[in-house]
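Participant: Before I ask anything, let me first share the structure, which is written out below as structure tokens.
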Amino acid sequence: MSQLAIELPGLMLKNPIMPASGCFGFGQEYSKFYDLSQLGAIIIKAATEQARFGNPTPRVAETTAGMLNAIGLQNPGVEKIITEELPRLANYNVPVIANVAGSTIEEYEAVTEALSKSNDIAAIELNISCPNVKQGGVQFGTDPALAAEVTRRVKAMSNVPVYVKLSPNVTNIVMIAKAVEDAGADGLTMINTLTGMQINLNTRRPVLANTIGGLSGPAIKPLAIRMIYQVRQEVSIPIIGMGGISTAEDVLEFLLAGASAVAIGTANFLNPFVCPEVITALPHVLEKYGFASVADAIGKGHEDAKLHLSRT
Amino acid sequence: MSQLAIELPGLMLKNPIMPASGCFGFGQEYSKFYDLSQLGAIIIKAATEQARFGNPTPRVAETTAGMLNAIGLQNPGVEKIITEELPRLANYNVPVIANVAGSTIEEYEAVTEALSKSNDIAAIELNISCPNVKQGGVQFGTDPALAAEVTRRVKAMSNVPVYVKLSPNVTNIVMIAKAVEDAGADGLTMINTLTGMQINLNTRRPVLANTIGGLSGPAIKPLAIRMIYQVRQEVSIPIIGMGGISTAEDVLEFLLAGASAVAIGTANFLNPFVCPEVITALPHVLEKYGFASVADAIGKGHEDAKLHLSRT
Amino acid sequence: MIKRVLATITSSREIALDTIEMNLAIPEFASFSPIAPGQFVHIQIGSGVAHQLRRPISIADVDYEKQQITIIFKVIGTGTEELRKYRVQDQLDLLVPCGNGYPIEKIDSKKALLIGGGIGVPPLYYLAKKLVDKGVEVTSILGFQTKDHVFYEQAFQALGDCHVVTNDGSYGYQGFVTNVIETVQPTFDTFFSCGPTSMLKAVTNSLVDREGYISLEERMGCGVGACYACVIPSPNEKGFKKICQDGPVFLASEVSL
Amino acid sequence: MIKRVLATITSSREIALDTIEMNLAIPEFASFSPIAPGQFVHIQIGSGVAHQLRRPISIADVDYEKQQITIIFKVIGTGTEELRKYRVQDQLDLLVPCGNGYPIEKIDSKKALLIGGGIGVPPLYYLAKKLVDKGVEVTSILGFQTKDHVFYEQAFQALGDCHVVTNDGSYGYQGFVTNVIETVQPTFDTFFSCGPTSMLKAVTNSLVDREGYISLEERMGCGVGACYACVIPSPNEKGFKKICQDGPVFLASEVSL
Ligand SMILES: Cc1cc2nc3c(=O)[nH]c(=O)nc-3n(C[C@H](O)[C@H](O)[C@H](O)COP(=O)(O)OP(=O)(O)OC[C@H]3O[C@@H](n4cnc5c(N)ncnc54)[C@H](O)[C@@H]3O)c2cc1C
Ligand SMILES: Cc1cc2nc3c(=O)[nH]c(=O)nc-3n(C[C@H](O)[C@H](O)[C@H](O)COP(=O)(O)OP(=O)(O)OC[C@H]3O[C@@H](n4cnc5c(N)ncnc54)[C@H](O)[C@@H]3O)c2cc1C
Ligand SMILES: Cc1cc2nc3c(=O)[nH]c(=O)nc-3n(C[C@H](O)[C@H](O)[C@H](O)COP(=O)(O)O)c2cc1C
Ligand SMILES: Cc1cc2nc3c(=O)[nH]c(=O)nc-3n(C[C@H](O)[C@H](O)[C@H](O)COP(=O)(O)O)c2cc1C
Ligand code: FES
Ligand code: FES
């Protein structure tokens, strides 16, 4: 057990595997497939202040080795999550990470304040890939100052550690990572989805009712690995890595890049057992590649390496 | 024929299909597979002022539905390209687009000046995904002011139309597109590769000797489509689209998104005949989806559509 | 309870243009029974790398003796194109059974009208069999694009009156299923419909005062209720239903099309 | 000239641990002959969606009568793992023949020393046959990881002296091929070597004053010379060679390892 265990701010993980936000609802559906207590942690679907219906359908599309989604923050609102969903999750021996979203800094604060009254969450994942309605829809996560500001304000409201979830749709992710680290983030989760689109040749319209959506799945793994690798070299708070993970080998690649734990999203849809299967396979994979433990592998892809910028 | 023909600044294309820069050398290898005169155009490998050897090997890696490359601008230098490569291509009835790269604005100017003396090129593709050595390696293509400046200076040197090749590794590609349009670009080509990375579990080192590389192939197609769609709504110069194309259906999707022609890169490696095969299939695909011609399909994915920003 | 199983293909044949009928032997079959008509399987395509999403396909029939199910699918895109290439003895990774079917146990009906369109026809076949087993009289109206797309007419005929309509009139009536309802004026106390959303809208509009069940389609992610891809607005307390989990079968009055 | 063909697998068997020998029937075979030893095929994996790059595998033998070639590959990653799953009668999409082989026509040699390591052994088999055909006397030194990895020993033995060495000593000599060269002190006028770069370095260092040909490996993109993925520095005018196009076989003195 201690081979897989890892301790992060606010999180005593029995293993480094957790489902990613939005890909696991509030856990009830997958609890019918296996005992959720097997998981390292659970990141639940985004919470906003009020209930939201989200975007019109179709909300998902398949791309080569990936998928697009534009669910649109559908959730029952933070109060219902606290009163109805969290108590159900409290039956399992697994730390819960609440994903906090909003359209204004005030909404982020309100959601955090509400969650802070619950004893059922171990940490907050601050989802800054949301458009700021007060600033003409620019995403909080694409502007270092805005990202730092929302981090600082949420951190001030929270009585649990705050992990900031970085958007990959930026020129310089290291700059955003440093800004939120300086603003007090306890950790980072990365990466969120990349903005993509698909057009239906028959209807001549975007497949998603929302036009654009977020790309996830194996297609984006090399981008996630690159960003984690670069951020790991410049910030010191821990990283929970995600983006296209579906095997224990993928997990090891994220650990080598510098993640201390990982989340699995899209792969749950293909294989509802992917999380427990990866947990079972991980000790063998660690052993095969000569690592005594998860802790032993973190960041091991960096030694001797230096980052060149020239290419193509 | 006129069903597939399309006219762009400096380019009378008999069809909208051309191999992408860096994926077709200077055409000689593929001329052994088929007659290059079948192609709409050819975009040749990047030219720099002096010969360059490029990066150490390994230079490529495979990712799920994509590949990473860090070739590193290997080329014999612009003079040798003019004296040795272009004359060989002049034997074919196909417009040649020269890809211009550099480490300083002066180098871009020098390469453009040299090419302007040749009668064998129809247009320039300005590769701004190169690090600017004078500004600490920041890529020309990620800073609107820098992108505009290099566009203006190259445009002033060139006696053929200049297509600026946009980097997708930016927060706001529309801003860069507008900046280079304002600076006088005759057209855009997009997208270049996304910066990615892969780590070898055995060696615990990045697979590419250069650590990071550019991600191409079907994995990035939804990102290319989204960017072209967004840029099409804000700029009026024509777009040559690329990123993961391997079928005539893919071509139509790019046309609907707003590209006027397309380039095929990575798919040549899998199928050396991909360009002529797509050219042959395109009329049937246009017909199947109710388009009279290539021109008829361009931008047809936009009608009634509006771009929402909220997602996930 | 939904399980993940490796089913073995025991037969595969093209029963109409681009329309494949497959029989799938299901391991540990007993643990799934009974399967309700209207439930679906969520099928992995290939190794699940190029195709990250499963494909939802209705259960068209169940053979409790042979421990197998029948699916019927139309080749419309890359996933179903791959699926068509599978051969007898190949294995398919399924989530089964997904969703809630037609609640035939609860329904007190003497005469049922079944209205199916295209790939909405398959689940109605198993439904028709189950209804007839219960002593319900069944009339079916089946719509297809053209003559070449028609399938299972005899099978439905064997269970009751069956009217086929094609969009182009190349077989049976010409037009839409709603035209046939008007022409035939069938007597029924409950209707059951499955097909494209546009058809369901037309059907529910023309039968707005009648008790009926409809089965909906939407692009799906998880297929089990976790991803919120397949929601439909509903006048219930939550404001929505999930097609994969609460449906795909709904009381026509339950959802807003 | 390189062509793209759909070859049919006529046999596939595991000849050593994770090592598969496949025979491939090549259509329009005549148009490729003669194939030089050291040339390779560039193989598409599956439908070419998940795997965007082909895999280079040496031609291990050519049967001009049956119009087929033999390849031998070791399963080391996802592509070769997929390749192992192919069955007799399945088709493989190949670019064939790629690269330049050993220039045996031009070589005036009486006694050849062949030095192969692991998956570098296969091309040497076809080379050995061709050399023996020409009347050249052949001595082979073949290195493998362990006893379980050894293959084709008898086949080489039938063509001349053959010494096997394993890293762990579980079969034949213990150590590296260079240890065997020192021990056996074979007489030869030309050497031919293929194997991992580290082995080729050791071999060329220990035989620095001798005429020899080496076959190199590098991660490839196009396999035909267009993408510049597989270059190696060379003291020639261009400053580099492309392994896929100018090689994979080079004069040991031509390239800088
Ligand atoms: C509950 C349910 C039951 C169904 N039963 C049947 C059946 O019995 N027979 C049958 O032929 N079809 C049925 N369908 C439709 C079937 O799922 C689609 O035709 C199929 O997924 C298309 O896949 P593709 O890869 O060929 O198409 P593509 O267009 O290449 O698929 C791309 C993506 O879009 C989704 N998609 C495309 N069309 C549809 C659609 N109409 N409905 C839902 N998702 C879609 C796919 O699942 C995939 O994720 C059913 C759908 C649902 C929701
Ligand atoms: C000219 C040439 C001839 C070869 N002949 C043989 C042979 O006869 N038998 C044999 O077993 N192997 C041979 N190899 C090596 C073989 O190409 C690799 O083992 C194979 O590509 C690994 O693929 P994979 O998907 O299993 O591994 P992965 O590691 O999953 O492959 C990922 C990528 O790396 C590339 N790659 C990985 N290892 C190598 C390598 N050693 N050399 C080149 N590319 C690599 C793959 O082609 C692919 O693009 C040869 C290589 C070259 C260049
Ligand atoms: C259907 C879907 C819904 C998602 N919803 C959320 C969300 O509510 N909040 C969030 O921060 N990320 C959300 N994500 C992003 C994932 O948590 C994850 O960052 C991303 O999908 C990359 O991981 P993957 O490739 O393993 O899916 C969602 C992703 C998917 C596919
Ligand atoms: C091996 C390789 C080399 C490339 N070299 C260049 C280059 O020299 N100049 C350039 O502008 N783009 C270069 N590119 C980018 C391609 O031209 C193209 O923009 C990108 O690969 C996306 O298209 P694709 O997915 O069809 O490959 C290169 C791409 C690859 C795969
Ligand atoms: S498909 Fe995921 S909730 Fe229905
Ligand atoms: S693999 Fe492309 S040049 Fe050799």
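Identifiers for the structure tokens are assigned positionally: chains receive A, B, ... in sequence, residues are indexed from 1 per chain, and ligands are indexed from 1 in the order shown.
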Please give chain A as a compact mmCIF listing (two decimals) with C-alpha atoms, in the first residue's frame, after it has been superposed on chain B by least squares over all Cα atoms paired in order.

Facilitator:
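Below you can see result_26.txt, which holds the result:
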# COMPACT_ATOMS: atom_id res chain seq x y z
CA MET A 1 -11.39 20.64 -63.47
CA SER A 2 -12.98 23.98 -62.75
CA GLN A 3 -14.93 22.22 -60.01
CA LEU A 4 -11.69 21.90 -58.02
CA ALA A 5 -9.84 25.00 -59.22
CA ILE A 6 -9.38 27.93 -56.92
CA GLU A 7 -7.52 31.19 -57.27
CA LEU A 8 -5.63 32.72 -54.37
CA PRO A 9 -3.17 35.62 -54.31
CA GLY A 10 -0.30 34.53 -56.55
CA LEU A 11 -1.68 31.00 -56.85
CA MET A 12 -3.78 29.55 -59.64
CA LEU A 13 -4.53 26.19 -58.07
CA LYS A 14 -5.95 23.43 -60.26
CA ASN A 15 -7.12 21.89 -57.03
CA PRO A 16 -6.95 22.93 -53.38
CA ILE A 17 -4.54 20.17 -52.26
CA MET A 18 -0.85 20.71 -51.50
CA PRO A 19 1.72 18.96 -49.35
CA ALA A 20 2.61 20.85 -46.16
CA SER A 21 6.04 22.29 -45.51
CA GLY A 22 8.56 19.89 -44.02
CA CYS A 23 6.54 16.81 -44.91
CA PHE A 24 7.50 16.60 -48.56
CA GLY A 25 11.15 17.68 -48.67
CA PHE A 26 11.67 19.43 -51.99
CA GLY A 27 9.39 17.00 -53.77
CA GLN A 28 12.00 14.69 -55.30
CA GLU A 29 11.16 11.65 -53.15
CA TYR A 30 7.45 11.77 -53.83
CA SER A 31 8.02 12.45 -57.54
CA LYS A 32 8.99 8.79 -57.71
CA PHE A 33 5.51 7.80 -56.53
CA TYR A 34 3.47 10.06 -58.81
CA ASP A 35 3.59 13.03 -61.15
CA LEU A 36 3.85 16.16 -59.02
CA SER A 37 1.96 18.13 -61.66
CA GLN A 38 -1.20 16.60 -60.22
CA LEU A 39 -0.86 18.71 -57.09
CA GLY A 40 -2.53 22.06 -56.51
CA ALA A 41 0.78 23.44 -55.24
CA ILE A 42 3.82 22.32 -53.27
CA ILE A 43 5.02 23.92 -50.07
CA ILE A 44 8.71 23.14 -49.73
CA LYS A 45 10.74 22.64 -46.59
CA ALA A 46 11.77 25.72 -44.58
CA ALA A 47 14.63 27.80 -45.96
CA THR A 48 17.09 29.69 -43.77
CA GLU A 49 19.93 31.96 -44.81
CA GLN A 50 22.70 29.44 -44.17
CA ALA A 51 22.59 25.66 -44.31
CA ARG A 52 21.43 24.11 -41.01
CA PHE A 53 21.82 20.61 -39.70
CA GLY A 54 18.90 20.89 -37.32
CA ASN A 55 18.39 19.03 -34.06
CA PRO A 56 20.04 15.83 -32.87
CA THR A 57 18.13 12.57 -33.32
CA PRO A 58 15.69 11.06 -32.37
CA ARG A 59 13.68 13.71 -34.13
CA VAL A 60 10.28 12.04 -34.29
CA ALA A 61 8.04 10.14 -31.93
CA GLU A 62 4.64 8.62 -32.35
CA THR A 63 1.73 9.64 -30.15
CA THR A 64 -1.84 8.39 -30.24
CA ALA A 65 -3.22 9.47 -33.63
CA GLY A 66 -0.38 11.93 -33.99
CA MET A 67 3.36 12.40 -34.10
CA LEU A 68 5.91 14.73 -32.58
CA ASN A 69 8.74 16.17 -34.62
CA ALA A 70 11.75 18.26 -33.78
CA ILE A 71 13.57 18.30 -37.10
CA GLY A 72 14.87 21.77 -36.38
CA LEU A 73 14.91 23.65 -39.69
CA GLN A 74 17.42 21.36 -41.37
CA ASN A 75 17.94 22.68 -44.89
CA PRO A 76 20.77 23.34 -47.32
CA GLY A 77 20.38 27.15 -47.08
CA VAL A 78 18.38 29.42 -49.37
CA GLU A 79 21.04 29.71 -52.09
CA LYS A 80 21.33 25.97 -52.61
CA ILE A 81 17.55 25.69 -52.56
CA ILE A 82 17.38 28.27 -55.35
CA THR A 83 20.14 26.78 -57.44
CA GLU A 84 19.55 23.06 -56.86
CA GLU A 85 16.02 22.37 -55.68
CA LEU A 86 13.81 24.94 -57.38
CA PRO A 87 15.03 24.17 -60.93
CA ARG A 88 14.11 20.52 -60.43
CA LEU A 89 10.63 21.52 -59.31
CA ALA A 90 10.31 23.85 -62.29
CA ASN A 91 9.97 20.73 -64.44
CA TYR A 92 6.50 20.22 -63.05
CA ASN A 93 3.41 22.21 -63.82
CA VAL A 94 2.78 23.17 -60.20
CA PRO A 95 3.17 26.41 -58.24
CA VAL A 96 5.85 26.28 -55.55
CA ILE A 97 5.42 28.00 -52.19
CA ALA A 98 8.67 28.62 -50.31
CA ASN A 99 8.59 28.35 -46.51
CA VAL A 100 10.79 31.10 -45.01
CA ALA A 101 12.30 30.76 -41.54
CA GLY A 102 14.83 32.62 -39.47
CA SER A 103 16.20 33.44 -36.05
CA THR A 104 16.13 37.19 -36.55
CA ILE A 105 14.06 39.54 -38.63
CA GLU A 106 17.17 40.23 -40.66
CA GLU A 107 17.49 36.55 -41.51
CA TYR A 108 13.85 36.44 -42.66
CA GLU A 109 14.58 39.47 -44.83
CA ALA A 110 17.71 37.95 -46.30
CA VAL A 111 15.96 34.69 -47.18
CA THR A 112 13.07 36.58 -48.75
CA GLU A 113 15.41 38.80 -50.72
CA ALA A 114 17.25 35.78 -52.09
CA LEU A 115 14.02 34.02 -53.04
CA SER A 116 12.73 37.14 -54.71
CA LYS A 117 15.46 36.78 -57.31
CA SER A 118 14.18 33.35 -58.30
CA ASN A 119 11.39 33.01 -60.84
CA ASP A 120 10.53 29.59 -59.58
CA ILE A 121 8.34 30.43 -56.62
CA ALA A 122 4.74 31.60 -56.68
CA ALA A 123 4.38 32.63 -53.06
CA ILE A 124 6.09 32.70 -49.70
CA GLU A 125 4.86 30.97 -46.57
CA LEU A 126 6.27 32.92 -43.68
CA ASN A 127 7.02 30.52 -40.84
CA ILE A 128 6.74 32.60 -37.68
CA SER A 129 6.89 29.62 -35.31
CA CYS A 130 10.61 30.24 -34.86
CA PRO A 131 12.26 31.53 -31.72
CA ASN A 132 13.62 35.05 -31.96
CA VAL A 133 17.18 34.81 -30.68
CA LYS A 134 17.32 38.56 -30.10
CA GLN A 135 14.36 38.41 -27.74
CA GLY A 136 15.40 35.53 -25.56
CA GLY A 137 13.80 32.89 -27.74
CA VAL A 138 10.21 34.12 -27.67
CA GLN A 139 8.54 32.87 -30.83
CA PHE A 140 7.72 35.49 -33.45
CA GLY A 141 4.35 33.82 -33.84
CA THR A 142 3.21 34.18 -30.24
CA ASP A 143 3.49 37.96 -29.97
CA PRO A 144 1.17 40.07 -32.17
CA ALA A 145 3.62 42.99 -32.43
CA LEU A 146 6.55 40.78 -33.35
CA ALA A 147 4.41 38.79 -35.80
CA ALA A 148 3.26 42.03 -37.44
CA GLU A 149 6.79 43.39 -37.61
CA VAL A 150 8.27 40.36 -39.32
CA THR A 151 5.30 40.25 -41.71
CA ARG A 152 5.74 43.89 -42.66
CA ARG A 153 9.47 43.55 -43.24
CA VAL A 154 9.18 40.34 -45.27
CA LYS A 155 6.29 41.73 -47.27
CA ALA A 156 8.45 44.76 -48.16
CA MET A 157 11.20 42.47 -49.49
CA SER A 158 8.99 40.07 -51.39
CA ASN A 159 7.84 40.29 -54.96
CA VAL A 160 5.38 37.43 -54.50
CA PRO A 161 2.39 37.20 -52.15
CA VAL A 162 3.18 36.35 -48.54
CA TYR A 163 1.13 33.83 -46.56
CA VAL A 164 1.83 33.94 -42.85
CA LYS A 165 1.84 30.57 -41.11
CA LEU A 166 0.23 30.89 -37.71
CA SER A 167 1.34 29.09 -34.58
CA PRO A 168 -1.50 27.46 -32.61
CA ASN A 169 0.41 27.74 -29.33
CA VAL A 170 -1.26 31.01 -28.39
CA THR A 171 -4.05 32.21 -26.14
CA ASN A 172 -5.76 34.18 -28.88
CA ILE A 173 -5.01 33.22 -32.46
CA VAL A 174 -7.50 35.72 -33.84
CA MET A 175 -5.41 38.54 -32.41
CA ILE A 176 -2.28 37.30 -34.19
CA ALA A 177 -4.22 36.76 -37.42
CA LYS A 178 -5.56 40.31 -37.34
CA ALA A 179 -2.12 41.71 -36.58
CA VAL A 180 -0.50 40.04 -39.58
CA GLU A 181 -3.45 40.90 -41.81
CA ASP A 182 -3.04 44.54 -40.84
CA ALA A 183 0.69 44.22 -41.48
CA GLY A 184 0.00 43.32 -45.09
CA ALA A 185 -0.16 39.53 -45.22
CA ASP A 186 -1.79 38.30 -48.43
CA GLY A 187 -3.05 35.14 -46.80
CA LEU A 188 -2.72 32.84 -43.81
CA THR A 189 -1.69 29.25 -43.50
CA MET A 190 -2.72 27.48 -40.33
CA ILE A 191 -2.04 25.64 -38.21
CA ASN A 192 1.56 24.81 -37.46
CA THR A 193 2.23 22.08 -34.89
CA LEU A 194 1.36 22.25 -31.18
CA THR A 195 4.19 21.98 -28.71
CA GLY A 196 4.19 18.55 -27.13
CA MET A 197 6.42 16.00 -25.50
CA GLN A 198 6.75 12.30 -24.79
CA ILE A 199 8.83 10.58 -22.12
CA ASN A 200 10.43 7.17 -22.65
CA LEU A 201 9.69 5.02 -19.61
CA ASN A 202 12.82 2.93 -20.09
CA THR A 203 15.35 5.72 -20.41
CA ARG A 204 13.32 8.11 -18.22
CA ARG A 205 14.19 10.84 -20.69
CA PRO A 206 12.17 12.73 -23.27
CA VAL A 207 11.98 10.62 -26.43
CA LEU A 208 13.02 13.52 -28.64
CA ALA A 209 16.63 14.58 -28.29
CA ASN A 210 15.27 18.13 -28.37
CA THR A 211 12.96 17.38 -25.39
CA ILE A 212 9.93 19.05 -26.96
CA GLY A 213 8.54 18.80 -30.46
CA GLY A 214 5.59 19.72 -32.61
CA LEU A 215 2.43 17.64 -32.52
CA SER A 216 0.73 16.98 -35.86
CA GLY A 217 -1.69 14.48 -37.33
CA PRO A 218 -5.39 13.65 -36.81
CA ALA A 219 -5.10 14.29 -33.05
CA ILE A 220 -4.92 18.05 -33.70
CA LYS A 221 -7.64 18.34 -36.34
CA PRO A 222 -10.37 19.65 -33.98
CA LEU A 223 -7.98 22.38 -32.82
CA ALA A 224 -7.18 23.38 -36.40
CA ILE A 225 -10.86 23.47 -37.34
CA ARG A 226 -11.69 25.63 -34.33
CA MET A 227 -8.90 28.11 -35.03
CA ILE A 228 -9.68 28.42 -38.73
CA TYR A 229 -13.36 28.86 -37.93
CA GLN A 230 -12.62 31.63 -35.44
CA VAL A 231 -10.08 33.40 -37.65
CA ARG A 232 -12.40 33.19 -40.67
CA GLN A 233 -14.97 35.24 -38.75
CA GLU A 234 -12.55 38.08 -38.09
CA VAL A 235 -10.15 38.39 -41.04
CA SER A 236 -10.79 38.61 -44.76
CA ILE A 237 -7.56 37.35 -46.35
CA PRO A 238 -7.73 33.72 -47.55
CA ILE A 239 -6.68 30.80 -45.37
CA ILE A 240 -4.81 27.67 -46.42
CA GLY A 241 -5.84 25.15 -43.77
CA MET A 242 -3.89 22.20 -42.37
CA GLY A 243 -3.67 19.96 -39.34
CA GLY A 244 -4.53 16.28 -39.43
CA ILE A 245 -6.00 16.06 -42.90
CA SER A 246 -5.94 12.61 -44.47
CA THR A 247 -9.20 12.25 -46.41
CA ALA A 248 -11.35 14.24 -48.81
CA GLU A 249 -13.97 14.44 -46.06
CA ASP A 250 -11.39 16.16 -43.87
CA VAL A 251 -10.72 18.60 -46.71
CA LEU A 252 -14.41 19.46 -46.92
CA GLU A 253 -14.54 20.05 -43.16
CA PHE A 254 -11.66 22.56 -43.52
CA LEU A 255 -13.41 24.27 -46.43
CA LEU A 256 -16.62 24.57 -44.40
CA ALA A 257 -14.60 26.03 -41.52
CA GLY A 258 -13.33 28.71 -43.87
CA ALA A 259 -10.16 27.49 -45.54
CA SER A 260 -9.87 28.18 -49.28
CA ALA A 261 -7.30 25.43 -49.85
CA VAL A 262 -5.51 22.91 -47.65
CA ALA A 263 -2.15 21.34 -47.02
CA ILE A 264 -1.49 17.74 -46.03
CA GLY A 265 1.51 16.96 -43.84
CA THR A 266 1.87 13.94 -41.61
CA ALA A 267 -0.48 11.80 -43.71
CA ASN A 268 2.13 11.66 -46.49
CA PHE A 269 4.31 9.50 -44.27
CA LEU A 270 1.63 6.88 -43.83
CA ASN A 271 0.45 6.98 -47.41
CA PRO A 272 2.80 8.49 -49.98
CA PHE A 273 -0.15 8.70 -52.38
CA VAL A 274 -2.41 10.59 -50.00
CA CYS A 275 -2.37 13.86 -51.99
CA PRO A 276 -3.35 12.42 -55.39
CA GLU A 277 -5.84 10.05 -53.72
CA VAL A 278 -7.53 12.94 -51.93
CA ILE A 279 -7.60 14.94 -55.18
CA THR A 280 -9.32 12.02 -56.91
CA ALA A 281 -11.84 11.56 -54.11
CA LEU A 282 -12.68 15.22 -53.62
CA PRO A 283 -15.17 15.66 -56.51
CA HIS A 284 -17.23 12.72 -55.22
CA VAL A 285 -17.22 14.03 -51.68
CA LEU A 286 -18.23 17.51 -52.82
CA GLU A 287 -21.06 15.99 -54.79
CA LYS A 288 -22.16 13.69 -51.97
CA TYR A 289 -22.60 16.64 -49.65
CA GLY A 290 -24.23 18.83 -52.26
CA PHE A 291 -21.50 21.23 -53.32
CA ALA A 292 -20.96 22.19 -56.95
CA SER A 293 -17.33 23.14 -56.44
CA VAL A 294 -14.60 23.85 -53.96
CA ALA A 295 -15.43 27.54 -54.16
CA ASP A 296 -19.04 26.72 -53.33
CA ALA A 297 -18.05 25.02 -50.05
CA ILE A 298 -15.67 27.61 -48.60
CA GLY A 299 -16.97 29.03 -45.34
CA LYS A 300 -20.30 27.22 -45.59
CA GLY A 301 -20.01 25.99 -42.00
CA HIS A 302 -20.60 29.52 -40.77
CA GLU A 303 -24.10 30.34 -41.85
CA ASP A 304 -26.50 30.83 -38.93
CA ALA A 305 -23.76 29.86 -36.54
CA LYS A 306 -22.62 32.05 -33.74
CA LEU A 307 -19.69 31.49 -31.48
CA HIS A 308 -20.49 30.87 -27.85
CA LEU A 309 -17.70 31.13 -25.39
CA SER A 310 -19.04 29.29 -22.38
CA ARG A 311 -18.12 25.64 -22.02
CA THR A 312 -17.35 22.79 -19.61

Participant: Return as a PyMOL selection string every polymer residue, whether protein, DNA or RNA, with at least one atom no more than 6 Å from an atom of ligand 6; count only C-alpha atoms and all ligand atoms.

Facilitator: chain D and resi 220-230+242-244

Participant: Using only C-alpha atoms, find which residues of chain C lie within 12 Å of chain D and jot them down as a ChimeraX atom specification.

Facilitator: /C:46-52,78,82

Participant: Within 7 Å of ligand 1 (counting only C-alpha atoms and all ligand atoms), which residues show up? I'd like them as a ChimeraX atom specification.

Facilitator: /A:61-62 /C:40,53-60,71-81,119-120,122-123,216-220,244,248

Participant: Based on the backbone DSSP call, show me all residues of region 32-108 of chain C assigned strand (DSSP E or B), as a ChimeraX atom specification.

Facilitator: /C:40-43,55-58,61-63,68-74,91-98,100

Participant: Looking only at the backbone, which of the residues in region 68-231 of chain B does DSSP tag as helix (DSSP H, G or I), as a ChimeraX atom specification?

Facilitator: /B:78-89,105-116,133-135,140-142,144-157,173-182,218-231

Participant: Between D:His149, D:Arg87, D:Lys130, D:Arg4, single out the one closest to ligand 2, counting only C-alpha atoms and all ligand atoms.

Facilitator: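 Closest to ligand 2, using only C-alpha atoms and all ligand atoms: D:His149.
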
Participant: Go ahead and compute the interatomic distance for CA of Gly172 (chain C) and CA of Val184 (chain C), in Å to one decimal.

Facilitator: 12.7 Å

Participant: Could you work out how far CA of Lys129 (chain C) lies from CA of Pro27 (chain C), giving the answer in Å with one decimal?

Facilitator: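 Computing the Euclidean distance for CA of Pro27 (chain C) and CA of Lys129 (chain C) yields 23.3 Å.
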
Participant: List the spatial neighbours of Asp209 (chain D) as a ChimeraX atom specification - criterion: any atom at most 12 Å away, only C-alpha atoms, same-chain residues fewer than 6 positions off excluded.

Facilitator: /D:189-191,203,252-253

Participant: Distance CA of Lys201 (chain C)-CA of Thr178 (chain C), one decimal place?

Facilitator: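 Going from CA of Lys201 (chain C) over to CA of Thr178 (chain C) covers 10.3 Å.
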
Participant: Tell me, as a list in words, which residues lie within 6 Å of region 132-142 of chain C, counting only C-alpha atoms; anything in the same chain fewer than 6 positions away does not count.

Facilitator: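 After dropping sequence-adjacent residues, the list is Lys110, Lys111, Ala112, Leu113, Leu114, Ile115, Gly116, Gly117, Gly160, Asp161, Cys162, His163 and Val164 of chain C.
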